[in-house]
Each structure stands twice: as structure tokens, then as C-alpha cells.
file coords_24.txt (compact mmCIF, C-alpha atoms)
# COMPACT_ATOMS: atom_id res chain seq x y z
CA MET X 1 55.33 75.36 112.73
CA PHE X 2 53.18 72.31 111.89
CA LEU X 3 49.46 72.34 112.49
CA ALA X 4 47.90 70.48 115.39
CA ILE X 5 45.45 68.30 113.41
CA SER X 6 42.44 66.39 114.67
CA LEU X 7 42.26 63.35 112.44
CA LEU X 8 38.94 62.40 113.99
CA GLY X 9 37.38 65.20 111.97
CA CYS X 10 38.81 64.06 108.64
CA LYS X 11 36.36 62.56 106.17
CA SER X 12 37.45 61.16 102.79
CA LYS X 13 35.47 62.08 99.74
CA LYS X 14 36.48 58.80 98.03
CA ASN X 15 38.91 55.95 98.43
CA LEU X 16 42.03 56.58 96.44
CA SER X 17 43.11 53.60 94.32
CA GLU X 18 46.68 52.78 93.35
CA SER X 19 45.88 53.49 89.71
CA GLU X 20 44.61 56.96 90.58
CA ILE X 21 47.65 57.77 92.66
CA SER X 22 50.11 56.60 90.01
CA SER X 23 48.29 58.02 86.98
CA LYS X 24 50.75 59.51 84.53
CA LYS X 25 48.50 62.42 83.68
CA SER X 26 48.26 64.90 86.55
CA PRO X 27 44.79 66.06 87.56
CA GLU X 28 43.87 69.68 86.92
CA TRP X 29 44.14 70.71 90.61
CA VAL X 30 47.90 69.92 90.55
CA SER X 31 48.65 72.60 87.98
CA GLN X 32 45.76 75.00 88.65
CA ARG X 33 44.60 75.76 92.19
CA PRO X 34 40.86 75.14 92.68
CA ILE X 35 38.78 78.21 93.58
CA SER X 36 35.60 77.72 95.63
CA SER X 37 33.14 80.02 97.38
CA SER X 38 32.00 77.19 99.64
CA TYR X 39 35.30 75.58 100.62
CA TYR X 40 38.72 76.48 101.95
CA VAL X 41 41.29 74.66 99.79
CA GLY X 42 44.69 73.26 100.66
CA ILE X 43 47.19 71.71 98.25
CA GLY X 44 50.32 70.01 99.59
CA VAL X 45 53.36 68.59 97.86
CA ALA X 46 56.44 66.71 99.07
CA SER X 47 59.50 65.30 97.35
CA ILE X 48 59.51 61.51 97.19
CA LEU X 49 63.23 61.49 96.39
CA LYS X 50 64.19 63.64 99.40
CA ASN X 51 61.70 62.05 101.80
CA PRO X 52 61.26 58.43 100.70
CA THR X 53 59.73 57.28 104.01
CA ASP X 54 57.52 60.17 105.12
CA TYR X 55 56.65 62.16 102.00
CA ALA X 56 52.91 61.47 102.50
CA SER X 57 52.78 62.96 106.00
CA ILE X 58 54.88 65.98 104.91
CA ALA X 59 52.58 66.64 101.98
CA LYS X 60 49.56 66.33 104.25
CA ASN X 61 50.94 68.88 106.72
CA ASN X 62 51.79 71.23 103.87
CA ALA X 63 48.27 70.89 102.47
CA LEU X 64 46.62 71.65 105.80
CA ASN X 65 48.91 74.60 106.40
CA ASP X 66 47.99 75.84 102.95
CA LEU X 67 44.30 75.37 103.76
CA ALA X 68 44.66 77.31 107.01
CA SER X 69 46.38 80.18 105.21
CA GLU X 70 43.18 80.77 103.22
CA ILE X 71 41.31 81.60 106.42
CA GLU X 72 41.67 85.35 106.78
CA VAL X 73 42.50 86.63 110.25
CA LYS X 74 41.40 90.14 111.11
CA ILE X 75 41.79 92.13 114.30
CA ASN X 76 38.43 93.54 115.29
CA SER X 77 38.31 96.98 116.91
CA ASN X 78 36.50 95.43 119.90
CA SER X 79 39.12 92.74 120.45
CA VAL X 80 41.91 92.37 123.00
CA LEU X 81 44.65 92.65 120.39
CA TYR X 82 43.28 95.87 118.96
CA ASN X 83 44.09 97.59 122.23
CA LEU X 84 47.69 96.39 122.41
CA GLU X 85 50.41 98.89 121.56
CA GLN X 86 50.99 99.37 117.84
CA ASN X 87 54.56 98.12 118.15
CA SER X 88 53.63 95.09 120.22
CA LYS X 89 55.62 92.09 119.08
CA TYR X 90 52.80 89.78 120.07
CA ARG X 91 50.35 91.66 117.86
CA GLU X 92 52.74 91.46 114.91
CA ASP X 93 53.24 87.74 115.43
CA TYR X 94 49.51 87.20 115.63
CA LEU X 95 48.95 89.06 112.37
CA SER X 96 51.65 87.06 110.58
CA THR X 97 50.00 83.72 111.36
CA THR X 98 46.51 82.37 111.83
CA ARG X 99 44.99 81.03 114.98
CA LEU X 100 44.82 77.66 113.26
CA LYS X 101 48.62 77.61 112.98
CA SER X 102 49.02 77.91 116.72
CA GLU X 103 46.70 75.78 118.78
CA LEU X 104 43.23 75.32 117.27
CA GLN X 105 42.47 72.05 115.52
CA LEU X 106 41.00 71.80 112.07
CA GLU X 107 37.82 69.78 112.06
CA SER X 108 35.73 68.17 109.31
CA PHE X 109 38.31 68.63 106.59
CA GLU X 110 38.21 66.10 103.78
CA ALA X 111 40.77 64.54 101.46
CA VAL X 112 39.57 65.21 97.92
CA ASP X 113 42.31 63.61 95.85
CA SER X 114 45.99 62.68 95.68
CA TRP X 115 48.47 62.05 92.89
CA GLN X 116 52.12 61.24 92.50
CA ASN X 117 54.81 60.86 89.90
CA LYS X 118 58.35 59.60 90.29
CA GLU X 119 59.53 62.80 91.95
CA ASN X 120 56.67 64.29 93.97
CA TYR X 121 53.58 63.39 95.91
CA TYR X 122 50.53 65.74 95.85
CA ILE X 123 47.43 65.81 98.03
CA TYR X 124 44.30 67.96 97.95
CA TYR X 125 42.25 68.84 101.08
CA ARG X 126 39.27 71.09 101.56
CA LEU X 127 37.11 72.35 104.43
CA LEU X 128 33.49 73.46 104.15
CA LYS X 129 33.35 77.11 105.20
CA SER X 130 30.02 76.70 106.97
CA ASP X 131 31.45 73.80 109.01
CA TYR X 132 34.44 75.90 109.97
CA GLU X 133 32.29 78.85 111.05
CA ALA X 134 30.08 76.56 113.15
CA MET X 135 33.16 75.05 114.79
CA MET X 136 34.60 78.48 115.54
CA ALA X 137 31.32 79.75 116.97
CA ARG X 138 31.19 76.78 119.33
CA LYS X 139 34.78 77.29 120.48
CA ARG X 140 34.22 81.03 120.96
CA ALA X 141 31.23 80.32 123.16
CA GLU X 142 33.22 77.81 125.23
CA ALA X 143 36.08 80.28 125.70
CA ALA X 144 33.69 83.11 126.59
CA ASN X 145 32.03 81.00 129.28
CA LYS X 146 35.38 80.07 130.83
CA ALA X 147 36.53 83.70 130.71
CA ALA X 148 33.32 84.84 132.43
CA SER X 149 34.00 82.38 135.25
CA PHE X 150 37.50 83.79 135.82
CA ILE X 151 36.18 87.36 135.71
CA ASN X 152 33.61 86.55 138.39
CA ASN X 153 36.42 85.07 140.50
CA ALA X 154 38.38 88.30 140.01
CA TYR X 155 35.42 90.35 141.22
CA SER X 156 35.20 88.24 144.38
CA ALA X 157 38.94 88.57 145.05
CA LYS X 158 38.80 92.34 144.59
CA ALA X 159 35.87 92.59 146.99
CA ASN X 160 38.03 90.76 149.55
CA GLN X 161 40.87 93.27 149.01
CA ASP X 162 43.07 90.62 147.39
CA TYR X 163 44.11 92.59 144.31
CA SER X 164 46.90 90.17 143.36
CA LEU X 165 44.45 87.28 143.19
CA ALA X 166 42.05 89.48 141.22
CA LEU X 167 44.74 90.33 138.64
CA ASN X 168 45.65 86.64 138.35
CA ASN X 169 42.05 85.78 137.53
CA PHE X 170 41.76 88.57 134.98
CA MET X 171 44.90 87.27 133.25
CA GLN X 172 43.59 83.69 133.38
CA ALA X 173 40.50 84.99 131.60
CA LEU X 174 42.80 86.51 128.98
CA LEU X 175 44.57 83.19 128.43
CA VAL X 176 41.41 81.16 127.88
CA VAL X 177 40.45 83.48 125.00
CA LYS X 178 44.01 83.57 123.65
CA ASP X 179 43.05 81.91 120.37
CA PHE X 180 40.35 84.53 119.82
CA ALA X 181 42.38 87.56 120.88
CA GLY X 182 41.65 89.27 117.57
CA ASP X 183 37.90 88.62 117.64
CA ALA X 184 35.05 90.75 118.98
CA LEU X 185 34.35 88.16 121.67
CA GLU X 186 31.30 88.77 123.86
CA VAL X 187 30.96 87.65 127.48
CA SER X 188 27.95 87.71 129.79
CA ILE X 189 28.56 88.81 133.39
CA ASN X 190 25.65 89.23 135.81
CA ASP X 191 23.13 89.15 132.98
CA LYS X 192 24.98 91.89 131.11
CA THR X 193 26.75 91.24 127.82
CA ASP X 194 29.87 93.16 126.87
CA TYR X 195 32.86 92.84 124.56
CA PHE X 196 35.56 90.94 126.38
CA GLY X 197 38.36 93.25 125.19
CA SER X 198 36.82 96.47 126.48
CA LEU X 199 35.56 94.82 129.67
CA LEU X 200 38.99 93.43 130.53
CA ASN X 201 40.74 96.71 129.73
CA ASN X 202 38.41 98.66 132.01
CA GLU X 203 38.66 96.20 134.87
CA VAL X 204 42.46 95.85 134.81
CA SER X 205 42.95 99.60 134.47
CA THR X 206 40.58 100.28 137.38
CA LEU X 207 42.19 97.62 139.54
CA LEU X 208 45.76 98.87 139.07
CA SER X 209 44.92 102.57 139.35
CA ASP X 210 43.05 101.88 142.60
CA ILE X 211 46.25 100.91 144.45
CA GLU X 212 47.47 103.75 146.68
CA VAL X 213 49.98 104.39 149.46
CA THR X 214 48.98 106.05 152.71
CA ILE X 215 51.44 107.40 155.29
CA ALA X 216 50.55 108.77 158.72
CA GLU X 217 52.38 112.09 158.29
CA ASP X 218 53.66 114.27 155.47
CA VAL X 219 56.91 112.29 155.42
CA LEU X 220 57.89 108.80 156.49
CA LYS X 221 59.72 109.10 159.80
CA PHE X 222 62.24 106.62 161.12
CA ASP X 223 62.73 106.89 164.90
CA PHE X 224 66.23 105.51 165.25
CA VAL X 225 66.22 104.66 168.95
CA ASN X 226 62.60 104.28 170.03
CA LYS X 227 61.07 101.63 167.80
CA GLU X 228 57.83 100.81 169.54
CA GLU X 229 56.00 102.12 166.47
CA PRO X 230 57.38 100.58 163.24
CA ALA X 231 58.11 102.93 160.35
CA GLY X 232 56.24 102.25 157.16
CA PHE X 233 53.06 102.87 155.23
CA TYR X 234 49.82 101.21 154.23
CA VAL X 235 48.90 100.02 150.75
CA THR X 236 45.23 100.82 150.30
CA SER X 237 42.44 101.00 147.76
CA GLY X 238 40.85 104.26 146.73
CA LEU X 239 38.18 103.61 149.37
CA GLY X 240 40.81 103.22 152.08
CA LYS X 241 40.65 99.42 152.31
CA MET X 242 43.95 97.73 153.23
CA LEU X 243 45.44 95.65 150.42
CA LYS X 244 47.50 92.58 151.22
CA GLY X 245 50.26 90.96 149.18
CA ILE X 246 50.99 93.93 146.91
CA PRO X 247 54.62 93.66 145.68
CA LEU X 248 56.63 96.87 145.71
CA GLU X 249 60.03 98.14 144.67
CA ILE X 250 61.45 100.90 146.90
CA LYS X 251 64.60 102.94 146.47
CA GLN X 252 66.05 106.30 147.39
CA THR X 253 65.74 108.90 144.65
CA ASN X 254 68.81 110.35 142.96
CA THR X 255 71.12 107.73 144.41
CA PHE X 256 72.67 104.46 143.34
CA SER X 257 71.30 102.79 146.45
CA GLN X 258 70.02 99.26 146.48
CA LYS X 259 66.44 98.62 145.38
CA LEU X 260 64.33 96.89 148.01
CA GLN X 261 61.61 94.47 146.92
CA THR X 262 58.93 93.82 149.51
CA GLN X 263 55.17 93.41 149.77
CA SER X 264 52.33 94.52 152.01
CA ASN X 265 51.46 92.14 154.83
CA ASN X 266 48.06 90.70 155.74
CA ILE X 267 46.84 94.08 157.03
CA GLY X 268 48.29 96.01 154.08
CA PHE X 269 51.30 97.39 156.00
CA VAL X 270 54.84 97.67 154.66
CA SER X 271 57.37 97.85 157.49
CA LEU X 272 60.71 99.50 156.70
CA SER X 273 63.99 100.24 158.44
CA VAL X 274 67.03 102.38 157.71
CA ALA X 275 69.07 99.23 157.17
CA ASP X 276 66.51 97.72 154.77
CA LEU X 277 66.81 100.71 152.49
CA LYS X 278 70.53 101.31 153.00
CA ILE X 279 69.66 104.93 153.72
CA SER X 280 72.73 107.14 153.50
CA LYS X 281 71.15 110.55 154.09
CA PRO X 282 69.11 111.79 157.07
CA SER X 283 66.34 112.99 154.75
CA GLY X 284 65.28 112.62 151.14
CA ASN X 285 62.71 110.87 148.98
CA LEU X 286 61.74 107.28 148.31
CA GLU X 287 60.40 106.00 144.99
CA LEU X 288 57.61 103.44 145.36
CA LYS X 289 56.61 101.27 142.42
CA VAL X 290 54.06 98.47 142.24
CA LEU X 291 55.50 95.46 140.42
CA MET X 292 52.60 94.26 138.28
CA GLU X 293 54.25 91.10 137.02
CA GLU X 294 55.22 90.08 140.56
CA MET X 295 51.52 90.05 141.42
CA LEU X 296 51.08 87.11 139.05
CA ALA X 297 51.70 83.38 139.32
CA GLU X 298 54.85 82.19 137.57
CA ASN X 299 53.08 80.68 134.55
CA LEU X 300 51.31 83.98 133.89
CA ARG X 301 54.48 86.05 134.30
CA LYS X 302 56.13 84.01 131.55
CA ASP X 303 53.25 84.14 129.06
CA VAL X 304 54.00 86.37 126.07
CA LEU X 305 50.42 87.62 125.66
CA VAL X 306 50.11 88.52 129.35
CA LYS X 307 53.44 90.39 129.32
CA SER X 308 52.51 92.28 126.15
CA TYR X 309 49.05 93.08 127.48
CA LEU X 310 50.21 94.49 130.84
CA LYS X 311 52.61 96.89 129.10
CA ASN X 312 49.54 98.94 128.21
CA PHE X 313 48.77 99.75 131.84
CA LYS X 314 50.31 101.95 134.49
CA SER X 315 50.43 101.09 138.17
CA LEU X 316 51.43 103.04 141.25
CA ASN X 317 54.67 104.98 140.82
CA GLN X 318 54.83 107.39 143.73
CA THR X 319 57.45 109.43 145.57
CA ILE X 320 57.25 110.03 149.32
CA GLY X 321 59.59 111.93 151.58
CA TYR X 322 61.45 110.36 154.49
CA GLN X 323 63.28 111.65 157.53
CA VAL X 324 65.56 109.73 159.86
CA ASP X 325 65.33 110.99 163.42
CA TYR X 326 68.86 110.17 164.48
CA PRO X 327 69.50 110.60 168.20
CA SER X 328 71.64 113.46 169.46
CA LEU X 329 75.06 112.28 170.65
CA PHE X 330 77.23 113.35 173.54
CA ILE X 331 80.79 112.22 172.83
CA GLU X 332 83.49 111.93 175.44
CA THR X 333 86.84 110.24 175.01
CA SER X 334 89.77 109.15 177.07
CA GLU X 335 92.60 109.03 174.56
CA ASN X 336 95.90 107.98 176.08
CA ASN X 337 99.38 107.29 174.82
CA TYR X 338 101.04 104.71 177.09
CA GLY X 339 98.78 105.66 180.01
CA LYS X 340 99.11 109.44 179.66
CA LEU X 341 96.18 111.55 178.45
CA MET X 342 96.89 113.10 175.10
CA GLY X 343 96.46 116.78 174.37
CA THR X 344 94.80 116.11 171.00
CA SER X 345 91.47 114.23 170.80
CA TYR X 346 91.93 112.41 167.49
CA PHE X 347 88.99 110.05 167.82
CA LYS X 348 86.56 112.58 169.26
CA SER X 349 87.15 114.92 166.32
CA ALA X 350 86.82 112.04 163.84
CA LEU X 351 83.55 110.85 165.38
CA GLN X 352 82.10 114.37 165.45
CA GLN X 353 82.92 114.79 161.75
CA SER X 354 81.36 111.43 160.90
CA ALA X 355 78.23 112.30 162.91
CA SER X 356 77.86 115.59 161.04
CA GLU X 357 78.15 113.86 157.65
CA MET X 358 75.59 111.19 158.54
CA GLY X 359 73.07 113.58 160.08
CA PHE X 360 73.57 112.81 163.77
CA PRO X 361 73.25 115.95 165.92
CA VAL X 362 76.08 116.32 168.44
CA SER X 363 75.34 117.94 171.79
CA SER X 364 77.84 119.54 174.12
CA ASN X 365 75.36 119.08 176.97
CA LYS X 366 75.36 115.52 178.26
CA ASN X 367 71.92 115.85 179.82
CA ALA X 368 70.41 117.07 176.54
CA ALA X 369 71.75 114.13 174.50
CA GLU X 370 69.79 110.94 173.75
CA VAL X 371 72.84 108.70 173.32
CA TRP X 372 76.15 108.90 175.14
CA VAL X 373 79.30 107.72 173.38
CA LYS X 374 82.34 106.86 175.51
CA ILE X 375 85.66 106.03 173.90
CA ASP X 376 88.40 104.58 176.09
CA ILE X 377 91.67 104.05 174.23
CA ASP X 378 95.34 103.57 174.98
CA THR X 379 98.54 102.45 173.28
CA GLN X 380 100.98 99.71 174.21
CA GLU X 381 104.56 99.19 173.16
CA GLY X 382 105.40 96.75 170.40
CA SER X 383 108.69 95.58 168.93
CA VAL X 384 111.65 97.54 167.56
CA ASN X 385 113.02 96.63 164.14
CA PHE X 386 115.76 98.48 162.28
CA ASP X 387 115.35 101.52 164.53
CA LEU X 388 111.59 101.65 163.87
CA PHE X 389 109.35 101.41 166.91
CA THR X 390 105.93 99.75 166.83
CA ALA X 391 102.88 100.69 168.90
CA PHE X 392 99.43 99.11 169.15
CA LEU X 393 96.21 100.96 169.87
CA ASN X 394 93.52 99.13 171.88
CA GLY X 395 90.21 100.06 173.40
CA LYS X 396 86.52 100.41 172.53
CA ALA X 397 83.75 102.83 171.75
CA THR X 398 80.57 102.23 173.75
CA PHE X 399 77.14 103.69 172.98
CA TYR X 400 74.74 104.06 175.93
CA LYS X 401 71.11 105.07 176.03
CA ALA X 402 71.13 108.39 177.89
CA ASN X 403 70.52 108.34 181.65
CA THR X 404 70.67 104.54 181.76
CA GLU X 405 73.26 101.82 181.91
CA ASN X 406 71.82 100.21 178.79
CA ILE X 407 74.55 99.54 176.26
CA LEU X 408 73.27 100.00 172.72
CA TYR X 409 76.42 99.11 170.81
CA THR X 410 80.12 98.44 171.36
CA TYR X 411 82.82 98.90 168.73
CA PRO X 412 86.13 97.19 169.62
CA ILE X 413 89.44 98.80 168.67
CA ASN X 414 92.10 96.11 168.63
CA LYS X 415 95.77 96.34 167.78
CA GLN X 416 95.68 99.32 165.49
CA LYS X 417 99.33 99.43 164.46
CA GLY X 418 101.56 102.51 164.27
CA VAL X 419 105.28 102.98 163.63
CA GLY X 420 107.75 105.78 164.35
CA LEU X 421 111.28 106.68 165.29
CA ASN X 422 110.33 106.24 168.95
CA TYR X 423 107.44 104.83 170.92
CA GLN X 424 105.82 108.23 171.41
CA ALA X 425 105.79 108.85 167.66
CA ALA X 426 104.61 105.28 166.99
CA GLY X 427 101.65 105.80 169.34
CA ILE X 428 100.63 109.02 167.59
CA ASN X 429 100.91 107.28 164.23
CA ALA X 430 98.55 104.55 165.50
CA TYR X 431 96.03 107.25 166.42
CA GLU X 432 96.36 108.91 163.02
CA LYS X 433 95.74 105.63 161.20
CA GLY X 434 92.86 104.70 163.48
CA THR X 435 91.13 108.00 162.81
CA GLU X 436 90.02 106.90 159.32
CA LYS X 437 88.56 103.67 160.66
CA ILE X 438 86.64 105.62 163.28
CA LYS X 439 85.16 107.87 160.59
CA LEU X 440 84.15 105.00 158.36
CA GLU X 441 83.14 102.25 160.73
CA VAL X 442 81.96 103.31 164.19
CA LEU X 443 78.71 105.14 163.41
CA LYS X 444 77.96 102.86 160.49
CA GLY X 445 78.27 99.89 162.85
CA PHE X 446 75.96 101.61 165.30
CA VAL X 447 73.36 102.25 162.58
CA ASP X 448 73.53 98.66 161.35
CA SER X 449 73.25 97.27 164.88
CA MET X 450 70.08 99.22 165.54
CA ASN X 451 68.19 97.77 162.57

call {"tool": "encode", "arguments": {"input": "coords_24.txt", "output": "C-alpha cells"}}
result
Amino acid sequence: MFLAISLLGCKSKKNLSESEISSKKSPEWVSQRPISSSYYVGIGVASILKNPTDYASIAKNNALNDLASEIEVKINSNSVLYNLEQNSKYREDYLSTTRLKSELQLESFEAVDSWQNKENYYIYYRLLKSDYEAMMARKRAEAANKAASFINNAYSAKANQDYSLALNNFMQALLVVKDFAGDALEVSINDKTDYFGSLLNNEVSTLLSDIEVTIAEDVLKFDFVNKEEPAGFYVTSGLGKMLKGIPLEIKQTNTFSQKLQTQSNNIGFVSLSVADLKISKPSGNLELKVLMEEMLAENLRKDVLVKSYLKNFKSLNQTIGYQVDYPSLFIETSENNYGKLMGTSYFKSALQQSASEMGFPVSSNKNAAEVWVKIDIDTQEGSVNFDLFTAFLNGKATFYKANTENILYTYPINKQKGVGLNYQAAGINAYEKGTEKIKLEVLKGFVDSMN
């Protein structure tokens, strides 16, 4: 990677004449690298034969890269990078380069000499160490002041219960000191001076650990029929303040169910339904996880330093119990074969089995049930082909709110086909085939329709 160079800071020690450049005898610095206690030195070389048009600029870049490599980069124990995980890729990358090879500009470097022969072009740059230290001190101070401003913004956002905005400002503070991530940078907040690395670590850790979930009862209860009160929970701070805009991932434990991504609303509430969570069991547990990266603006989510930094922190990862209060069902059927009531209740048995598997209580007392299910079904004659008779099953299953005429859900049963050696047998075959559909689809359709 080539250096970003500020040519405005370059000052030439002397004008280089053609005779000096083309001298047959190479100067001492070409064969023996200069050593100086006052200067950083950079020697660059480029092939004239391989790069006949731009050898000078290549040599210059090589010289300045060489100069930058002399500037030792250490990670101070009070820096941001010191606190990153030992295996952090970002930390390793930072150690393998210098901050000058990334974004900072060299200033006040000077061209000392240059020389060339028929094959190569050489150039010699140096930078006064005291000038470099003064430049770095100025840039550190500028970065520290900008970081302090973002931290103050984060404090204000946190006080207003906007933890996402607070985290964004903390990470913006991190980015403005990115080039000094290995330094013991000091910032002044409210007339108090502290190391930026330790201050940021404490604030981010406190912010994330302060996010909690509060539910009204021991378990989260879903009232399947009466929905005046929405099911859900509040995202709060440790002091019980409601937190808005906190992104969460929610899923059932020990299942392969779909993960739901949602966030708390303006009053900190997360509203949930059975359909949202694809709940397949009447009771169980839900895993709640705060998505730290989703709290951030897109540019921050993509930044390598921010991603590496946040890996060092834990956020809410909580399990809560849930219970679905499915209504009790009273099931009655009128199952006919060509207008005559059948002796076997295929669909009633299938629906009772499905209800048991899904957690719906079934009542034999109509007045004690919360939902009445009425299935009216009959067969009709179809065609006859090659001595095989065809029958079609038609009807519907209707769910009513108990003691009212309010229809909650209707499941149509249309042209369920059956075949047999006579119409009677074909009708029974249609019932047998329809039984599986009843098990799989009727109650599931009712659940989906109520959410």
C-alpha cells in the first residue's frame, strides 16, 4: 500500500543538478544506509529499465515507505488496541504496519539527495524526529477533542434512553482516534482527564450490560382468542427506564424454528404473536439476544475496527418461558355419505388428535368450551371409469366464538376425491384421504388466521 503523502510539507535540502544525478560514482548513502539519532531516514530505488516513465515517483514512494518503517509502533497498555482480543485480526494487522502506512500524512520531510546510473534511480529522504513528534502530538490532540465531543453526545443519548444512538456515538469516537488506536490517548470529559481506551471500554460495557428484559409475569403468555392486551415484554435499563429501538433476535429454544428479528418501539415494548414466532408447542422457552451490530449505522457496522472492538463485549442473551393459552374446543361434526349420516366420525377423530398434538384442550361440554367447531360434510357421486367409481367430498369446518354467532375462521373442504369399487366405497375413501388434510391444515389455518 502506497503512502498518502503531503507534498506541501516537503522541503528540499538543495537543488539537485543534472551532473549530481548522473555522477558515475555513487554517493556513500547508496551503498551504506545513513544512521542518525535526529532523523528518520528513507532510501528508495526504482529500475529505470523496467519503469522508464515513472521510475522517479516509484523510487520516491519506496523511500517514504522506507522512512515510515523506521518509526516504531508500539501498543500501549492504556490504548484501545491493547484491550482487543489477543487473536484479533485487526490488532495483528495494526502491528504489521505503521499508522503512517494507512492514513496519516508525512509532514516536513526533506529530499537530501538523489543519484542514478543506467539501470536504477535512487533517492534519499529524511524527517526530523522532533518535527514528527510535534506533528503527532498536534494530531493526537485534535483526535482527542473530536472523540470527547462524541462521548458527550453519547452521554446525552443514554440519558434520553436512546442506547442505540449512544452506542453509535461511542463508536464514532473510536473511529476518530483510529490512527492512534495503539497510543495512550488522553481525553478530557467534564474537566476530568482519562485514558480514552479505558474510558471507552467502561462506558460501552456499562451501556450494553444495562439492557434488560422485563415481563409482567413469570412466563410470557399468549392469549389466543382475547387479544385486548398484546403479548410481549419491555426492554429496560437497570433503573427500569424503557429503551427504544433496541434490536433483538428471538427464537424458540431447542427447535429449528425461524429466528425473528425485531426491535423495541418508542415506549420500549416488543409486541409478539404466535404467528410471528412460528410457535409449534403450547409452552417452552424463548431465547432473546440483543444484536449489537444492528444498533449501529451501516458505515459503523462495516468498519473493521468497530467489528473487532465489539467482539470483546457481551450483550443481553436471556431465556424466558412462554405459554400459549389456546382456547378449549367443542367439536361436533355432521359427516354424511350421499346424504346419510355415517357411523364413523373420521374428521372429528382427526381434529381431536390434531388438537391434542398442538396443545388445544378439547371439551365434551359445549357450555364449558371457548370455541365451537362445526364440521358439515357430505359426498357426491362422480364418474365411473373402468369399473372404478369416483366420489367427491365437500363441506366446511367453521370455528365460532362460544355463545355467539361470531365466526372466527372457516376452512373449506372442496372436492376431496375418493375412488372405490362402488360409490359407497368411493365415499369412504374420500373421507380417509381427507382425514390427513384435516390433521395438517384445519387447526394450523385457524392459528394462522388469529394472528

call {"tool": "atom_distance", "arguments": {"input": "coords_24.txt", "atom1": "CA of Met136 in chain X", "atom2": "CA of Asp179 in chain X"}}
result
10.3 Å

call {"tool": "residues_around", "arguments": {"input": "coords_24.txt", "residues": "range 318-333 of chain X", "least_positions_apart": "4", "cutoff": "7 Å", "atoms": "only C-alpha atoms", "output": "ChimeraX atom specification"}}
result
/X:219-225,282-289,348,359-366,369-376

call {"tool": "closest_residue", "arguments": {"input": "coords_24.txt", "among": "X:Ile413, X:Ala426, X:Ala402, X:Leu305", "to": "Ser383 in chain X", "atoms": "all atoms listed in the file"}}
result
X:Ala426

call {"tool": "atom_distance", "arguments": {"input": "coords_24.txt", "atom1": "CA of Ile75 in chain X", "atom2": "CA of Asp131 in chain X"}}
result
21.7 Å

call {"tool": "residues_around", "arguments": {"input": "coords_24.txt", "residues": "Ile151 in chain X", "least_positions_apart": "4", "cutoff": "7 Å", "atoms": "all atoms listed in the file", "output": "PyMOL selection string"}}
result
chain X and resi 147+155+169-170+173

call {"tool": "write_last_selection", "arguments": {"input": "coords_24.txt", "atoms": "C-alpha atoms", "output": "compact mmCIF listing (two decimals), in the coordinates of the input"}}
result
# COMPACT_ATOMS: atom_id res chain seq x y z
CA ALA X 147 36.53 83.70 130.71
CA TYR X 155 35.42 90.35 141.22
CA ASN X 169 42.05 85.78 137.53
CA PHE X 170 41.76 88.57 134.98
CA ALA X 173 40.50 84.99 131.60

call {"tool": "residues_around", "arguments": {"input": "coords_24.txt", "residues": "Asn83 in chain X", "least_positions_apart": "2", "cutoff": "10 Å", "atoms": "all atoms listed in the file", "output": "PyMOL selection string"}}
result
chain X and resi 75-81+85-86+91+182+197-198+201+309+312

call {"tool": "residues_around", "arguments": {"input": "coords_24.txt", "residues": "range 26-36 of chain X", "least_positions_apart": "3", "cutoff": "10 Å", "atoms": "only C-alpha atoms", "output": "PyMOL selection string"}}
result
chain X and resi 20-23+39-45+113-117+122-124+126+128-129

call {"tool": "closest_residue", "arguments": {"input": "coords_24.txt", "among": "X:Ala166, X:Met295, X:Ile267, X:Ala159", "to": "Leu248 in chain X", "atoms": "only C-alpha atoms"}}
result
X:Met295

call {"tool": "closest_residue", "arguments": {"input": "coords_24.txt", "among": "X:Tyr195, X:Phe386, X:Tyr163, X:Phe347", "to": "Thr236 in chain X", "atoms": "all atoms listed in the file"}}
result
X:Tyr163

call {"tool": "atom_distance", "arguments": {"input": "coords_24.txt", "atom1": "CA of Asp162 in chain X", "atom2": "CA of Met242 in chain X"}}
result
9.2 Å

call {"tool": "residues_around", "arguments": {"input": "coords_24.txt", "residues": "Leu167 in chain X", "least_positions_apart": "4", "cutoff": "8 Å", "atoms": "only C-alpha atoms", "output": "ChimeraX atom specification"}}
result
/X:154,163,171,204,207,295-296
